[in-house]
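To start, the structure under review is shown below, and the notes come after it.
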Amino acid sequence: MGEAASGDSSNSPDRAAQTFEFPLAETKPGIYEGAFMAREFKPLAKARIGFYFDSPSSQGGAAGKRVEAAARGRVTTMADAESLWARVAAEQFVSLYVDPEGFGRMGHAPRDSVLLVTGRAADRYRVELAPNVEAWIASDYAELLKPGQAGAPAFMHTEIARSSGPEEAELFVPTGGPPVPYGWTLDWDGMGLTARLFGLSVGGDIWGFHRDTSVIASIQRSEPLQKVVEYALRLRRPLCGYRFEYGNGGVTAKVRAFPALGGASGPLQGMKICLDAGHGGSSDPGAVGSTGLPERTVNLKIAKALGRHLEALGAAIVYTRETDKQLTLSGRPRTALAAGAHLFIACHCDSLDVSSDPIAIRGTTQFYYYPHSQRWARAIGDRLGAWLEQRGSFNRGVVNRGFTVTRETSWFPSVLIEFCFMSHPGDEEFLYSDRDIDGMAGAAAQGVADAVAELLQGGRPNPSMP
Ligand SMILES: [Zn+2]
């Protein structure tokens, strides 16, 4: 797409179709990025929005032509009179949007959400989550509705909050009509979250909220922006997980608190942890070390050693596999869900491909996807890194990246630990030694205990503390 707009503004007194061009720069090999102030094409929005164009080499065909034809990006806005609506035709789409205060946030729109289209750029539509809160959706994920097929959804709602178990509570918001987009931010101290629903206005009072719920301490509702309703949920104990579900004519925000933690058995008493030894079976061996050590075997050793250390700290352990067998990727977190786990740790070892210099990179890396998993990744990485650094290796740090096992669910924190680089001969040496595997596993377990202590203290501990 990216065709020029008609430029005919005579039929729309509010907002005419316009085309804007802006410079593109190659920010990474093959990725062209451009940015401009949205104010230029929509007076009320102050957002700065980036565009990404695939290079000819990475995509070929039409994508290539787009970049070649335009060393400048091009945005075409819709006239108000066009009233174009799109239905989300993917499972859900996730987009970074910038709210009018300039904060970048993630917005989620589930399948069948109906959104007003206010512009297009290359293969994307600009859509409204709420007035002046805009996101972008790939045109492949959106089905444009014919005129008259959809109007602006009308919403009236009251809310119902209830406990649904000793660790869980939910807030049901009847919305009517198609699903509404949502977003959330987590409280820094791990004690709550703010859920954000787009396209809604505040209805009646919160109905049926029982102050004696064992999970939720308080709910505050506000409408900080036009047609954006926020619910700030504070919990009585630290947040373990959350999810948003659609059905029964509304959206349900579910939150889960950790059980009471700690006791005579150790600081992790009350906690169930699912350990996932990566890969498995001869058809999924994982990486191979510099001297031929198979990752699937090492991962299982690490997981079992980690399990012993976590049990010693009071945790109950569930394993996705305890033998050398093949598992599906999405089946691994499902095992944790079925077991009611409060934390999921995937154990892997990293490797460079054979064409790379094996001594170029070594050390541990910790991956997470949902934001509530970050503190667990960091705490484990801090301890594991300290162990490795005493032996000449490194902590490469925490990375936000979606692997199937870390992205499958937000119902518990989930981290994927690359314990070290098995392609590096020095790192691989640790993996030959049961004593070193035990040392790394013990350090990682201590990191889990650190994260628990941090949550129970209401945030990050004082860095000057030993
Ligand atoms: Zn692996």
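Letters A, B, ... mark the chains of the structure tokens in the order given; residue numbers begin at 1 per chain; ligand numbers begin at 1, in order shown.
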
Produce as an mmCIF file with N, CA and C atoms, in the first residue's frame the set of residues near ligand 1, where near means within 12 Å with only C-alpha atoms and all ligand atoms considered.
data_model
loop_
_atom_site.group_PDB
_atom_site.id
_atom_site.type_symbol
_atom_site.label_atom_id
_atom_site.label_comp_id
_atom_site.auth_asym_id
_atom_site.auth_seq_id
_atom_site.Cartn_x
_atom_site.Cartn_y
_atom_site.Cartn_z
ATOM 1 N N ASP A 276 12.080 -26.634 33.947
ATOM 2 C CA ASP A 276 11.979 -27.161 32.592
ATOM 3 C C ASP A 276 13.380 -27.353 32.021
ATOM 4 N N ALA A 277 13.801 -28.610 31.926
ATOM 5 C CA ALA A 277 15.090 -28.901 31.279
ATOM 6 C C ALA A 277 14.884 -28.791 29.778
ATOM 7 N N GLY A 278 15.561 -27.842 29.155
ATOM 8 C CA GLY A 278 15.347 -27.561 27.736
ATOM 9 C C GLY A 278 15.707 -28.735 26.838
ATOM 10 N N HIS A 279 15.010 -28.808 25.700
ATOM 11 C CA HIS A 279 15.235 -29.843 24.679
ATOM 12 C C HIS A 279 14.940 -31.234 25.261
ATOM 13 N N GLY A 280 15.477 -32.278 24.665
ATOM 14 C CA GLY A 280 15.223 -33.635 25.146
ATOM 15 C C GLY A 280 14.908 -34.583 24.011
ATOM 16 N N ASP A 284 15.626 -33.748 19.436
ATOM 17 C CA ASP A 284 15.767 -32.356 19.895
ATOM 18 C C ASP A 284 16.923 -32.280 20.896
ATOM 19 N N PRO A 285 18.151 -32.433 20.363
ATOM 20 C CA PRO A 285 19.299 -32.502 21.283
ATOM 21 C C PRO A 285 19.738 -31.143 21.811
ATOM 22 N N GLY A 286 19.265 -30.037 21.208
ATOM 23 C CA GLY A 286 19.754 -28.720 21.596
ATOM 24 C C GLY A 286 21.137 -28.477 21.019
ATOM 25 N N ALA A 287 21.872 -27.603 21.684
ATOM 26 C CA ALA A 287 23.204 -27.260 21.193
ATOM 27 C C ALA A 287 24.188 -28.379 21.530
ATOM 28 N N VAL A 288 25.381 -28.256 20.940
ATOM 29 C CA VAL A 288 26.434 -29.213 21.222
ATOM 30 C C VAL A 288 27.659 -28.429 21.677
ATOM 31 N N GLY A 289 28.277 -28.877 22.767
ATOM 32 C CA GLY A 289 29.422 -28.166 23.315
ATOM 33 C C GLY A 289 30.652 -28.270 22.431
ATOM 34 N N PRO A 294 26.186 -32.893 24.767
ATOM 35 C CA PRO A 294 24.854 -32.497 24.281
ATOM 36 C C PRO A 294 24.093 -31.657 25.316
ATOM 37 N N GLU A 295 23.476 -30.577 24.849
ATOM 38 C CA GLU A 295 22.782 -29.656 25.762
ATOM 39 C C GLU A 295 21.639 -30.347 26.499
ATOM 40 N N ARG A 296 20.900 -31.237 25.803
ATOM 41 C CA ARG A 296 19.727 -31.837 26.433
ATOM 42 C C ARG A 296 20.090 -32.574 27.719
ATOM 43 N N THR A 297 21.293 -33.180 27.732
ATOM 44 C CA THR A 297 21.744 -33.940 28.898
ATOM 45 C C THR A 297 22.156 -32.996 30.026
ATOM 46 N N VAL A 298 22.900 -31.950 29.654
ATOM 47 C CA VAL A 298 23.368 -30.977 30.641
ATOM 48 C C VAL A 298 22.189 -30.246 31.278
ATOM 49 N N ASN A 299 21.206 -29.845 30.440
ATOM 50 C CA ASN A 299 20.047 -29.122 30.965
ATOM 51 C C ASN A 299 19.319 -29.932 32.034
ATOM 52 N N LEU A 300 19.193 -31.233 31.790
ATOM 53 C CA LEU A 300 18.490 -32.084 32.752
ATOM 54 C C LEU A 300 19.264 -32.162 34.072
ATOM 55 N N LEU A 329 7.127 -27.445 22.837
ATOM 56 C CA LEU A 329 7.470 -26.210 23.546
ATOM 57 C C LEU A 329 6.306 -25.713 24.390
ATOM 58 N N ALA A 346 13.102 -22.195 32.844
ATOM 59 C CA ALA A 346 13.620 -23.060 31.790
ATOM 60 C C ALA A 346 15.148 -23.038 31.857
ATOM 61 N N CYS A 347 15.745 -24.231 31.893
ATOM 62 C CA CYS A 347 17.196 -24.356 32.030
ATOM 63 C C CYS A 347 17.810 -24.709 30.675
ATOM 64 N N HIS A 348 18.666 -23.828 30.195
ATOM 65 C CA HIS A 348 19.338 -24.036 28.908
ATOM 66 C C HIS A 348 20.812 -23.685 29.019
ATOM 67 N N CYS A 349 21.582 -24.094 28.012
ATOM 68 C CA CYS A 349 22.950 -23.609 27.858
ATOM 69 C C CYS A 349 23.076 -23.053 26.453
ATOM 70 N N ASP A 350 23.786 -21.958 26.355
ATOM 71 C CA ASP A 350 23.873 -21.212 25.111
ATOM 72 C C ASP A 350 24.983 -21.773 24.236
ATOM 73 N N SER A 351 24.974 -21.380 22.972
ATOM 74 C CA SER A 351 26.015 -21.831 22.069
ATOM 75 C C SER A 351 26.106 -20.899 20.873
ATOM 76 N N LEU A 352 27.299 -20.683 20.389
ATOM 77 C CA LEU A 352 27.479 -19.969 19.126
ATOM 78 C C LEU A 352 27.442 -20.988 18.002
ATOM 79 N N THR A 365 22.993 -15.667 30.378
ATOM 80 C CA THR A 365 22.011 -14.669 29.959
ATOM 81 C C THR A 365 20.659 -15.105 30.509
ATOM 82 N N PHE A 403 10.264 -16.083 24.118
ATOM 83 C CA PHE A 403 10.355 -17.481 23.690
ATOM 84 C C PHE A 403 9.005 -18.123 23.980
ATOM 85 N N VAL A 405 8.199 -20.628 25.678
ATOM 86 C CA VAL A 405 7.993 -21.031 27.078
ATOM 87 C C VAL A 405 7.802 -19.832 28.006
ATOM 88 N N LEU A 416 13.834 -17.842 31.263
ATOM 89 C CA LEU A 416 14.665 -18.835 30.590
ATOM 90 C C LEU A 416 16.113 -18.463 30.876
ATOM 91 N N ILE A 417 16.822 -19.373 31.516
ATOM 92 C CA ILE A 417 18.205 -19.104 31.894
ATOM 93 C C ILE A 417 19.138 -19.862 30.956
ATOM 94 N N GLU A 418 20.000 -19.124 30.284
ATOM 95 C CA GLU A 418 21.125 -19.752 29.576
ATOM 96 C C GLU A 418 22.254 -19.750 30.602
ATOM 97 N N PHE A 419 22.558 -20.895 31.161
ATOM 98 C CA PHE A 419 23.489 -20.930 32.300
ATOM 99 C C PHE A 419 24.904 -20.508 31.915
ATOM 100 N N CYS A 420 25.354 -20.951 30.743
ATOM 101 C CA CYS A 420 26.642 -20.475 30.239
ATOM 102 C C CYS A 420 26.724 -20.885 28.764
ATOM 103 N N PHE A 421 27.839 -20.555 28.134
ATOM 104 C CA PHE A 421 28.017 -20.878 26.709
ATOM 105 C C PHE A 421 28.779 -22.192 26.574
ATOM 106 N N MET A 422 28.092 -23.218 26.145
ATOM 107 C CA MET A 422 28.777 -24.514 26.038
ATOM 108 C C MET A 422 29.710 -24.561 24.830
#

Residues within 8 Å of stretch 310-321 of chain A, only C-alpha atoms, excluding chain neighbours under 2 positions, as a PyMOL selection string: chain A and resi 262-263+265-277+300+306-308+323-325+327+332+335-336+339+341+445+449

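Reported to one decimal place, the separation of atom CA of A:Phe244 from atom CA of A:Arg120 is 28.4 Å.
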
Per-residue DSSP, stretch 341-456 of chain A, filtered to strand (DSSP E or B), as a ChimeraX atom specification: /A:343-350,364-368,395-400,414-421

List the neighbours of A:Arg396 out to 12 Å using only C-alpha atoms; skip same-chain residues closer than 3 positions along the sequence, and give me the result as a PDB file with N, CA, C and O atoms, in the first residue's frame.
ATOM      1  N   ASP A 350      23.786 -21.958  26.355  1.00  0.00           N
ATOM      2  CA  ASP A 350      23.873 -21.212  25.111  1.00  0.00           C
ATOM      3  C   ASP A 350      24.983 -21.773  24.236  1.00  0.00           C
ATOM      4  O   ASP A 350      25.855 -22.519  24.704  1.00  0.00           O
ATOM      5  N   ILE A 361      32.506 -15.478  22.955  1.00  0.00           N
ATOM      6  CA  ILE A 361      31.413 -15.175  23.883  1.00  0.00           C
ATOM      7  C   ILE A 361      31.270 -16.285  24.926  1.00  0.00           C
ATOM      8  O   ILE A 361      31.324 -17.474  24.598  1.00  0.00           O
ATOM      9  N   ARG A 362      31.094 -15.884  26.180  1.00  0.00           N
ATOM     10  CA  ARG A 362      30.808 -16.841  27.248  1.00  0.00           C
ATOM     11  C   ARG A 362      29.925 -16.163  28.282  1.00  0.00           C
ATOM     12  O   ARG A 362      29.722 -14.949  28.239  1.00  0.00           O
ATOM     13  N   GLY A 363      29.393 -16.943  29.201  1.00  0.00           N
ATOM     14  CA  GLY A 363      28.640 -16.355  30.300  1.00  0.00           C
ATOM     15  C   GLY A 363      27.161 -16.701  30.275  1.00  0.00           C
ATOM     16  O   GLY A 363      26.666 -17.386  29.384  1.00  0.00           O
ATOM     17  N   THR A 364      26.442 -16.190  31.288  1.00  0.00           N
ATOM     18  CA  THR A 364      25.017 -16.489  31.439  1.00  0.00           C
ATOM     19  C   THR A 364      24.169 -15.338  30.925  1.00  0.00           C
ATOM     20  O   THR A 364      24.561 -14.172  31.000  1.00  0.00           O
ATOM     21  N   THR A 365      22.993 -15.667  30.378  1.00  0.00           N
ATOM     22  CA  THR A 365      22.011 -14.669  29.959  1.00  0.00           C
ATOM     23  C   THR A 365      20.659 -15.105  30.509  1.00  0.00           C
ATOM     24  O   THR A 365      20.374 -16.304  30.572  1.00  0.00           O
ATOM     25  N   GLN A 366      19.830 -14.131  30.921  1.00  0.00           N
ATOM     26  CA  GLN A 366      18.525 -14.452  31.485  1.00  0.00           C
ATOM     27  C   GLN A 366      17.454 -13.775  30.645  1.00  0.00           C
ATOM     28  O   GLN A 366      17.495 -12.565  30.437  1.00  0.00           O
ATOM     29  N   PHE A 367      16.506 -14.559  30.150  1.00  0.00           N
ATOM     30  CA  PHE A 367      15.448 -14.043  29.285  1.00  0.00           C
ATOM     31  C   PHE A 367      14.108 -14.060  30.002  1.00  0.00           C
ATOM     32  O   PHE A 367      13.792 -15.000  30.731  1.00  0.00           O
ATOM     33  N   ALA A 377      14.349 -12.919  36.781  1.00  0.00           N
ATOM     34  CA  ALA A 377      15.486 -13.084  35.867  1.00  0.00           C
ATOM     35  C   ALA A 377      16.709 -12.350  36.411  1.00  0.00           C
ATOM     36  O   ALA A 377      17.822 -12.874  36.427  1.00  0.00           O
ATOM     37  N   ARG A 378      16.481 -11.133  36.877  1.00  0.00           N
ATOM     38  CA  ARG A 378      17.596 -10.318  37.370  1.00  0.00           C
ATOM     39  C   ARG A 378      18.219 -10.935  38.630  1.00  0.00           C
ATOM     40  O   ARG A 378      19.442 -11.029  38.755  1.00  0.00           O
ATOM     41  N   GLY A 381      20.157 -13.984  37.728  1.00  0.00           N
ATOM     42  CA  GLY A 381      21.362 -13.593  36.987  1.00  0.00           C
ATOM     43  C   GLY A 381      22.421 -12.989  37.896  1.00  0.00           C
ATOM     44  O   GLY A 381      23.627 -13.224  37.704  1.00  0.00           O
ATOM     45  N   ASP A 382      21.995 -12.202  38.888  1.00  0.00           N
ATOM     46  CA  ASP A 382      22.965 -11.584  39.810  1.00  0.00           C
ATOM     47  C   ASP A 382      23.777 -12.658  40.542  1.00  0.00           C
ATOM     48  O   ASP A 382      24.999 -12.582  40.628  1.00  0.00           O
ATOM     49  N   LEU A 384      23.991 -16.008  39.810  1.00  0.00           N
ATOM     50  CA  LEU A 384      24.685 -16.897  38.877  1.00  0.00           C
ATOM     51  C   LEU A 384      25.907 -16.182  38.296  1.00  0.00           C
ATOM     52  O   LEU A 384      26.994 -16.759  38.170  1.00  0.00           O
ATOM     53  N   GLY A 385      25.737 -14.893  37.989  1.00  0.00           N
ATOM     54  CA  GLY A 385      26.839 -14.110  37.454  1.00  0.00           C
ATOM     55  C   GLY A 385      27.986 -14.013  38.452  1.00  0.00           C
ATOM     56  O   GLY A 385      29.161 -14.124  38.079  1.00  0.00           O
ATOM     57  N   ALA A 386      27.644 -13.830  39.733  1.00  0.00           N
ATOM     58  CA  ALA A 386      28.690 -13.724  40.762  1.00  0.00           C
ATOM     59  C   ALA A 386      29.484 -15.035  40.834  1.00  0.00           C
ATOM     60  O   ALA A 386      30.716 -15.028  40.975  1.00  0.00           O
ATOM     61  N   LEU A 388      29.879 -17.227  38.350  1.00  0.00           N
ATOM     62  CA  LEU A 388      30.668 -17.360  37.123  1.00  0.00           C
ATOM     63  C   LEU A 388      31.853 -16.392  37.113  1.00  0.00           C
ATOM     64  O   LEU A 388      32.938 -16.732  36.646  1.00  0.00           O
ATOM     65  N   GLU A 389      31.622 -15.175  37.634  1.00  0.00           N
ATOM     66  CA  GLU A 389      32.685 -14.167  37.589  1.00  0.00           C
ATOM     67  C   GLU A 389      33.884 -14.563  38.439  1.00  0.00           C
ATOM     68  O   GLU A 389      35.026 -14.194  38.138  1.00  0.00           O
ATOM     69  N   SER A 393      34.253 -16.197  34.066  1.00  0.00           N
ATOM     70  CA  SER A 393      33.176 -16.039  33.093  1.00  0.00           C
ATOM     71  C   SER A 393      32.364 -14.775  33.434  1.00  0.00           C
ATOM     72  O   SER A 393      32.801 -13.960  34.243  1.00  0.00           O
ATOM     73  N   VAL A 399      17.550 -10.020  29.396  1.00  0.00           N
ATOM     74  CA  VAL A 399      17.087  -9.642  28.066  1.00  0.00           C
ATOM     75  C   VAL A 399      15.586  -9.893  27.961  1.00  0.00           C
ATOM     76  O   VAL A 399      15.105 -10.948  28.370  1.00  0.00           O
ATOM     77  N   ILE A 417      16.822 -19.373  31.516  1.00  0.00           N
ATOM     78  CA  ILE A 417      18.205 -19.104  31.894  1.00  0.00           C
ATOM     79  C   ILE A 417      19.138 -19.862  30.956  1.00  0.00           C
ATOM     80  O   ILE A 417      19.046 -21.081  30.841  1.00  0.00           O
ATOM     81  N   GLU A 418      20.000 -19.124  30.284  1.00  0.00           N
ATOM     82  CA  GLU A 418      21.125 -19.752  29.576  1.00  0.00           C
ATOM     83  C   GLU A 418      22.254 -19.750  30.602  1.00  0.00           C
ATOM     84  O   GLU A 418      22.812 -18.693  30.909  1.00  0.00           O
ATOM     85  N   PHE A 419      22.558 -20.895  31.161  1.00  0.00           N
ATOM     86  CA  PHE A 419      23.489 -20.930  32.300  1.00  0.00           C
ATOM     87  C   PHE A 419      24.904 -20.508  31.915  1.00  0.00           C
ATOM     88  O   PHE A 419      25.583 -19.840  32.669  1.00  0.00           O
ATOM     89  N   CYS A 420      25.354 -20.951  30.743  1.00  0.00           N
ATOM     90  CA  CYS A 420      26.642 -20.475  30.239  1.00  0.00           C
ATOM     91  C   CYS A 420      26.724 -20.885  28.764  1.00  0.00           C
ATOM     92  O   CYS A 420      25.776 -21.450  28.220  1.00  0.00           O
ATOM     93  N   PHE A 421      27.839 -20.555  28.134  1.00  0.00           N
ATOM     94  CA  PHE A 421      28.017 -20.878  26.709  1.00  0.00           C
ATOM     95  C   PHE A 421      28.779 -22.192  26.574  1.00  0.00           C
ATOM     96  O   PHE A 421      29.976 -22.236  26.833  1.00  0.00           O
TER      97      PHE A 421
END

Pick from A:Ala90, A:Gly397, A:Leu129, A:Asp123, whichever lies nearest to A:Glu143 using only C-alpha atoms: A:Ala90

For stretch 214-219 of chain A: contacts at 8 Å, only C-alpha atoms, fewer than 4 positions along chain excluded, given as a ChimeraX atom specification: /A:163,166-169,231-237,256-257

Shell of 12 Å around stretch 107-110 of chain A, only C-alpha atoms, local chain residues under 3 positions omitted, as a PyMOL selection string: chain A and resi 86-99+104+113-115+127-130+133-137+141-142+178-185+195-199+228+243-247+251

Helix (DSSP H, G or I) per DSSP on the backbone: members of stretch 149-332 of chain A, as an MDAnalysis selection string: chainID A and resid 295:312 331:332

Take the selection from the previous step and output its residues with all heavy atoms, as a compact mmCIF listing (two decimals), in the first residue's frame.
# COMPACT_ATOMS: atom_id res chain seq x y z
N GLU A 295 23.48 -30.58 24.85
CA GLU A 295 22.78 -29.66 25.76
C GLU A 295 21.64 -30.35 26.50
O GLU A 295 21.39 -30.07 27.67
CB GLU A 295 22.25 -28.44 24.97
CG GLU A 295 21.70 -27.35 25.87
CD GLU A 295 20.83 -26.33 25.15
OE1 GLU A 295 20.85 -26.29 23.90
OE2 GLU A 295 20.12 -25.60 25.84
N ARG A 296 20.90 -31.24 25.80
CA ARG A 296 19.73 -31.84 26.43
C ARG A 296 20.09 -32.57 27.72
O ARG A 296 19.31 -32.60 28.68
CB ARG A 296 19.01 -32.77 25.46
CG ARG A 296 19.74 -34.07 25.13
CD ARG A 296 18.92 -34.85 24.09
NE ARG A 296 19.19 -36.29 24.08
CZ ARG A 296 20.09 -36.87 23.28
NH1 ARG A 296 20.86 -36.13 22.49
NH2 ARG A 296 20.25 -38.17 23.30
N THR A 297 21.29 -33.18 27.73
CA THR A 297 21.74 -33.94 28.90
C THR A 297 22.16 -33.00 30.03
O THR A 297 21.80 -33.20 31.19
CB THR A 297 22.95 -34.81 28.49
OG1 THR A 297 22.61 -35.51 27.31
CG2 THR A 297 23.33 -35.78 29.58
N VAL A 298 22.90 -31.95 29.65
CA VAL A 298 23.37 -30.98 30.64
C VAL A 298 22.19 -30.25 31.28
O VAL A 298 22.13 -30.06 32.50
CB VAL A 298 24.32 -29.97 29.96
CG1 VAL A 298 24.64 -28.83 30.87
CG2 VAL A 298 25.58 -30.67 29.50
N ASN A 299 21.21 -29.84 30.44
CA ASN A 299 20.05 -29.12 30.96
C ASN A 299 19.32 -29.93 32.03
O ASN A 299 18.85 -29.38 33.04
CB ASN A 299 19.07 -28.79 29.83
CG ASN A 299 19.63 -27.76 28.85
OD1 ASN A 299 20.62 -27.10 29.14
ND2 ASN A 299 18.99 -27.64 27.69
N LEU A 300 19.19 -31.23 31.79
CA LEU A 300 18.49 -32.08 32.75
C LEU A 300 19.26 -32.16 34.07
O LEU A 300 18.68 -32.10 35.16
CB LEU A 300 18.28 -33.48 32.16
CG LEU A 300 17.41 -34.45 32.96
CD1 LEU A 300 16.02 -33.85 33.23
CD2 LEU A 300 17.25 -35.79 32.22
N LYS A 301 20.58 -32.25 33.97
CA LYS A 301 21.41 -32.27 35.18
C LYS A 301 21.25 -30.97 35.97
O LYS A 301 21.13 -30.96 37.19
CB LYS A 301 22.90 -32.42 34.82
CG LYS A 301 23.35 -33.84 34.57
CD LYS A 301 24.87 -33.84 34.49
CE LYS A 301 25.41 -35.24 34.29
NZ LYS A 301 26.87 -35.26 34.32
N ILE A 302 21.26 -29.84 35.23
CA ILE A 302 21.12 -28.54 35.88
C ILE A 302 19.75 -28.43 36.55
O ILE A 302 19.64 -28.00 37.70
CB ILE A 302 21.32 -27.39 34.86
CG1 ILE A 302 22.77 -27.36 34.36
CG2 ILE A 302 20.95 -26.04 35.48
CD1 ILE A 302 23.01 -26.34 33.24
N ALA A 303 18.71 -28.84 35.82
CA ALA A 303 17.34 -28.73 36.37
C ALA A 303 17.22 -29.54 37.66
O ALA A 303 16.64 -29.08 38.65
CB ALA A 303 16.32 -29.19 35.33
N LYS A 304 17.77 -30.75 37.65
CA LYS A 304 17.65 -31.59 38.84
C LYS A 304 18.45 -31.02 40.01
O LYS A 304 18.01 -31.05 41.16
CB LYS A 304 18.08 -33.03 38.53
CG LYS A 304 17.04 -33.76 37.68
CD LYS A 304 17.42 -35.20 37.44
CE LYS A 304 16.29 -35.94 36.73
NZ LYS A 304 16.68 -37.31 36.36
N ALA A 305 19.64 -30.48 39.70
CA ALA A 305 20.44 -29.87 40.77
C ALA A 305 19.73 -28.64 41.32
O ALA A 305 19.68 -28.42 42.55
CB ALA A 305 21.83 -29.50 40.23
N LEU A 306 19.15 -27.85 40.41
CA LEU A 306 18.41 -26.66 40.84
C LEU A 306 17.22 -27.07 41.70
O LEU A 306 16.93 -26.45 42.73
CB LEU A 306 17.95 -25.88 39.60
CG LEU A 306 17.16 -24.59 39.81
CD1 LEU A 306 17.90 -23.62 40.72
CD2 LEU A 306 16.87 -23.93 38.46
N GLY A 307 16.55 -28.15 41.30
CA GLY A 307 15.42 -28.66 42.07
C GLY A 307 15.83 -29.03 43.49
O GLY A 307 15.13 -28.71 44.46
N ARG A 308 16.97 -29.68 43.63
CA ARG A 308 17.43 -30.06 44.98
C ARG A 308 17.69 -28.82 45.84
O ARG A 308 17.31 -28.78 47.01
CB ARG A 308 18.72 -30.91 44.87
CG ARG A 308 18.48 -32.34 44.39
CD ARG A 308 19.73 -33.21 44.60
NE ARG A 308 20.88 -32.76 43.83
CZ ARG A 308 21.12 -33.09 42.55
NH1 ARG A 308 20.27 -33.88 41.90
NH2 ARG A 308 22.20 -32.65 41.92
N HIS A 309 18.31 -27.82 45.25
CA HIS A 309 18.60 -26.60 46.02
C HIS A 309 17.33 -25.85 46.40
O HIS A 309 17.21 -25.33 47.51
CB HIS A 309 19.54 -25.68 45.23
CG HIS A 309 20.96 -26.12 45.28
ND1 HIS A 309 21.78 -25.87 46.35
CD2 HIS A 309 21.71 -26.83 44.39
CE1 HIS A 309 22.99 -26.39 46.12
NE2 HIS A 309 22.96 -26.98 44.93
N LEU A 310 16.37 -25.80 45.46
CA LEU A 310 15.13 -25.08 45.75
C LEU A 310 14.31 -25.82 46.81
O LEU A 310 13.68 -25.20 47.66
CB LEU A 310 14.32 -24.88 44.47
CG LEU A 310 14.94 -23.91 43.44
CD1 LEU A 310 14.20 -23.99 42.10
CD2 LEU A 310 14.90 -22.47 43.97
N GLU A 311 14.35 -27.16 46.75
CA GLU A 311 13.66 -27.96 47.77
C GLU A 311 14.26 -27.71 49.15
O GLU A 311 13.55 -27.61 50.15
CB GLU A 311 13.73 -29.45 47.42
CG GLU A 311 12.56 -29.91 46.58
CD GLU A 311 12.73 -31.33 46.01
OE1 GLU A 311 13.84 -31.91 46.14
OE2 GLU A 311 11.77 -31.81 45.43
N ALA A 312 15.59 -27.58 49.16
CA ALA A 312 16.26 -27.32 50.43
C ALA A 312 15.85 -25.97 51.01
O ALA A 312 15.91 -25.76 52.23
CB ALA A 312 17.78 -27.38 50.24
N GLY A 331 3.79 -27.30 25.49
CA GLY A 331 3.39 -28.25 26.53
C GLY A 331 4.12 -28.01 27.84
O GLY A 331 3.63 -28.37 28.92
N ARG A 332 5.30 -27.38 27.77
CA ARG A 332 6.11 -27.20 28.98
C ARG A 332 5.43 -26.24 29.97
O ARG A 332 5.19 -26.60 31.11
CB ARG A 332 7.51 -26.74 28.59
CG ARG A 332 8.26 -27.80 27.76
CD ARG A 332 9.52 -27.25 27.11
NE ARG A 332 10.12 -28.22 26.18
CZ ARG A 332 11.18 -28.98 26.46
NH1 ARG A 332 11.78 -28.88 27.62
NH2 ARG A 332 11.64 -29.84 25.57

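Closest to A:Ser423 among A:Ser356, A:Asn132, A:Gln326, A:Gln220 is A:Ser356, based on only C-alpha atoms.
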
Spatial neighbours of A:Arg375, max dist 12 Å, only C-alpha atoms, sep filter under 4 positions, as a VMD selection string: chain A and resid 188 to 190 240 343 366 to 371 379 to 382 397 to 400 413 to 415 447 to 455 459 to 461

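If you look at atom CA of A:Gly241 and atom CA of A:Gly177, they are 27.5 Å away from each other.
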